[in-house]
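Asker: Shown below is the structure under consideration.
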Amino acid sequence: MSAPYTVAIAGATGNLGSDVTKIFLHSYRASFSHVIALVRNPSSESARALASAGAELYTIDGANPGPSYEKALNRVDVVVNTLGAKPSETKDALFDAALKSGVRVYFPAEFGLDHRLNEFEDWDSPEWPRKRAHLDRALELGQERIKTIAVFTGLFLERAFGPWFAFDTANHVYTSVGAPTARFSLTSKADIGRALASLSLVALADPSEVPGILRISGTTVSYAEAAEIVQRVCKEVGDEDQAKIVVKSEDAAAFRAATRSAQLSDPEGTGPLGHIRIAIGEGKLDFSKDNSNDIANPGGNAWILAVLNSIFYSHFIS
């Protein structure tokens, strides 16, 4: 007997979308018999790899996505939006097609910091107000017709520890904004996929069991704790030179003022990295005590969350 549900992933060949699609294909196929990958280029290597794994490819017209979204979402139960920094019109067209097609569960493209907590006034990174507008629109228009679930997951575990967030392992220096003991949450992309699949099944059974806005926390750490883990792992593999990590901190007020000045000077080009480092220092990415892990992974029994040690072993140790 075939499984009852169909899921469509928008941005299925992207940074997060590829991992999410693979989880639906390989770990939740018993529950989702049809996994549809919404792609712009079905001939790309990543799209062909998903097709070989069993995904059904559906080409989206980037210039006019609405009609192709409507055709693709016919008889789809769940839509996962992993489009990232796409125009608001594209994301709204996806939601509108989901609503019109009778989709039951919709995940907007969040999967990062909880931007509702941002206190950047007139210098917020522009993508976050666009995300808030899309989420508010989906919640308002969807009402009882579609279950919209915004999932905030902190930083991607696989991509957080690099110089872009001042984890300069090559030069043995980690630099926080404010206290290096401020903790922040991270979730692996595969665990995000598992959480989305699990939340989908709960919401399909009973929408009231899943909040419209929630957090998932894979693991939580500080700059100081990350340095300790790297040093411990390096010693375990005999790399004493790599183990010497110095933890420094930048003055939070000065960094905030510099980030504000840069953002106001170039609103679209500055990017959110400085804002994220500020939010980490302010404790706004610590989801360890306020999350919905037990809804997605009751008792931690459905799967084991990825931990930092495995990332450091694979990415930082030569």
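Numbering starts fresh at 1 for the residues of each chain in the structure tokens, the chains themselves are lettered A, B, ... in the order given, and ligands are numbered from 1 as they appear.
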I'd like the neighbourhood of segment 156-160 of chain A as an MDAnalysis selection string, where a residue qualifies if any of its atoms comes within 6 Å (using only C-alpha atoms), though same-chain residues fewer than 3 positions away should be ignored.
Answerer: chainID A and resid 186:188
Asker: Go ahead and save the residues from that selection, with C-alpha atoms, as a PDB file, in the first residue's frame.
Answerer:
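Written file, again18.pdb:
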```pdb
ATOM      1  CA  LEU A 186      22.774  25.345  16.094  1.00  0.00           C
ATOM      2  CA  THR A 187      20.966  22.635  14.172  1.00  0.00           C
ATOM      3  CA  SER A 188      22.331  20.446  11.401  1.00  0.00           C
TER       4      SER A 188
END
```
Asker: Enumerate, as a PyMOL selection string, the complete set of residues in segment 100-303 of chain A that a backbone-based DSSP assignment places in strand (DSSP E).
Answerer: chain A and resi 105-107+147-148+150-152+155-156+167-168+173-177+183-187+213-215+219-222+246-250
Asker: Pick out the residues sitting within 7 Å of segment 224-226 of chain A, and hand them over as a PyMOL selection string; count only C-alpha atoms, and ignore anything fewer than 6 positions along from it in its own chain.
Answerer: chain A and resi 180-181+247
Asker: Could you list, as a list in words, every residue within 12 Å of Asp122 of chain A, counting only C-alpha atoms and ignoring same-chain residues fewer than 5 positions away?
Answerer: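 In the requested format, the answer is Pro129, Arg260, Ser261, Gln263, Leu264, Ser265 and Pro267 of chain A.
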Asker: In terms of the shortest atom-to-atom distance over only C-alpha atoms, which of A:Ala195, A:Leu273, A:Ile304, A:Ala227 is closest to Asp124 of chain A?
Answerer: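 Among the listed residues, A:Leu273 lies closest to Asp124 of chain A.
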Asker: Select, from A:Ala47, A:Val105, A:Ala253, A:Ala296, the residue with the minimum atom-to-atom distance to Ala179 of chain A, counting only C-alpha atoms.
Answerer: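 Closest to Ala179 of chain A, using only C-alpha atoms: A:Ala253.
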Asker: Could you jot down the atom CA of Ser68 of chain A to atom CA of Gln143 of chain A separation for me, Å, one decimal place?
Answerer: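 Here the two named atoms are 24.2 Å from each other.
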Asker: Quick one: everything within 7 Å of segment 3-14 of chain A, counting only C-alpha atoms, minus sequence neighbours fewer than 4 positions away in the same chain. Send it as a list of chain:residue names.
Answerer: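 Once the adjacent positions are removed, what remains is A:Ser18, A:Thr21, A:Ala30, A:Ser31, A:Phe32, A:Ser33, A:His34, A:Val35, A:Ile36, A:Ala37, A:Leu38, A:Val39, A:Ser46, A:Ala47, A:Val76, A:Asp77, A:Val78, A:Val79, A:Val80, A:Asn81, A:Thr82, A:Leu83.
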Asker: Would you pick out the contacts of Thr153 of chain A at 9 Å or less, using only C-alpha atoms, so that residues sharing its chain but fewer than 3 positions from it are not included, and give the list as an MDAnalysis selection string?
Answerer: chainID A and resid 110:114 156 185:188 192 214:218 285 287
Asker: Report as a list in words all protein, DNA and RNA residues lying within 12 Å of Arg48 of chain A, evaluated on only C-alpha atoms, omitting residues in the same chain fewer than 2 positions from it.
Answerer: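 Listing them by chain and then by number gives Ala12, Thr13, Ser18, Ala37, Val39, Asn41, Pro42, Ser43, Ser44, Glu45, Ser46, Leu50, Ala51, Ser52, Ala53, Gly54, Ala55, Glu56, Leu57 and Tyr58 of chain A.
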Asker: Residues as selected, C-alpha atoms, written as a PDB file, in the first residue's frame, can you do that?
Answerer:
```
ATOM      1  CA  ALA A  12      15.215  21.586  -3.465  1.00  0.00           C
ATOM      2  CA  THR A  13      18.701  21.858  -4.975  1.00  0.00           C
ATOM      3  CA  SER A  18      18.990  19.541  -0.882  1.00  0.00           C
ATOM      4  CA  ALA A  37      11.512  18.760  -5.965  1.00  0.00           C
ATOM      5  CA  VAL A  39      13.631  23.290  -9.372  1.00  0.00           C
ATOM      6  CA  ASN A  41      17.038  23.661 -13.847  1.00  0.00           C
ATOM      7  CA  PRO A  42      16.122  19.962 -13.933  1.00  0.00           C
ATOM      8  CA  SER A  43      19.292  19.235 -15.907  1.00  0.00           C
ATOM      9  CA  SER A  44      21.620  20.367 -13.115  1.00  0.00           C
ATOM     10  CA  GLU A  45      23.757  17.747 -11.431  1.00  0.00           C
ATOM     11  CA  SER A  46      22.033  18.271  -8.080  1.00  0.00           C
ATOM     12  CA  LEU A  50      17.606  13.949  -6.472  1.00  0.00           C
ATOM     13  CA  ALA A  51      15.724  12.371  -9.365  1.00  0.00           C
ATOM     14  CA  SER A  52      17.964   9.298  -9.201  1.00  0.00           C
ATOM     15  CA  ALA A  53      17.119   9.040  -5.502  1.00  0.00           C
ATOM     16  CA  GLY A  54      13.416   9.018  -6.305  1.00  0.00           C
ATOM     17  CA  ALA A  55      12.346  12.651  -6.312  1.00  0.00           C
ATOM     18  CA  GLU A  56       9.849  13.866  -8.884  1.00  0.00           C
ATOM     19  CA  LEU A  57      11.268  16.988 -10.545  1.00  0.00           C
ATOM     20  CA  TYR A  58       9.000  19.866 -11.457  1.00  0.00           C
TER      21      TYR A  58
END
```
Asker: List every residue of segment 106-271 of chain A that DSSP, applied to the backbone, labels as helix (DSSP H, G or I), and write the result as a ChimeraX atom specification.
Answerer: /A:115-117,121-123,127-142,163-165,189-205,207-209,223-236,252-265
Asker: For a quick check of understanding, using only C-alpha atoms, which of A:Thr59, A:Asn64, A:Ser208, A:Ser198 has the smallest distance to Lys147 of chain A?
Answerer: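 Of all the options, A:Ser208 lies closest to Lys147 of chain A.
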Asker: Between A:Glu140, A:Leu16, A:Ala72, A:Lys244, which one has atoms that come closest to Asp168 of chain A, using only C-alpha atoms?
Answerer: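 Checking each candidate against Asp168 of chain A, we get A:Lys244 as the closest.
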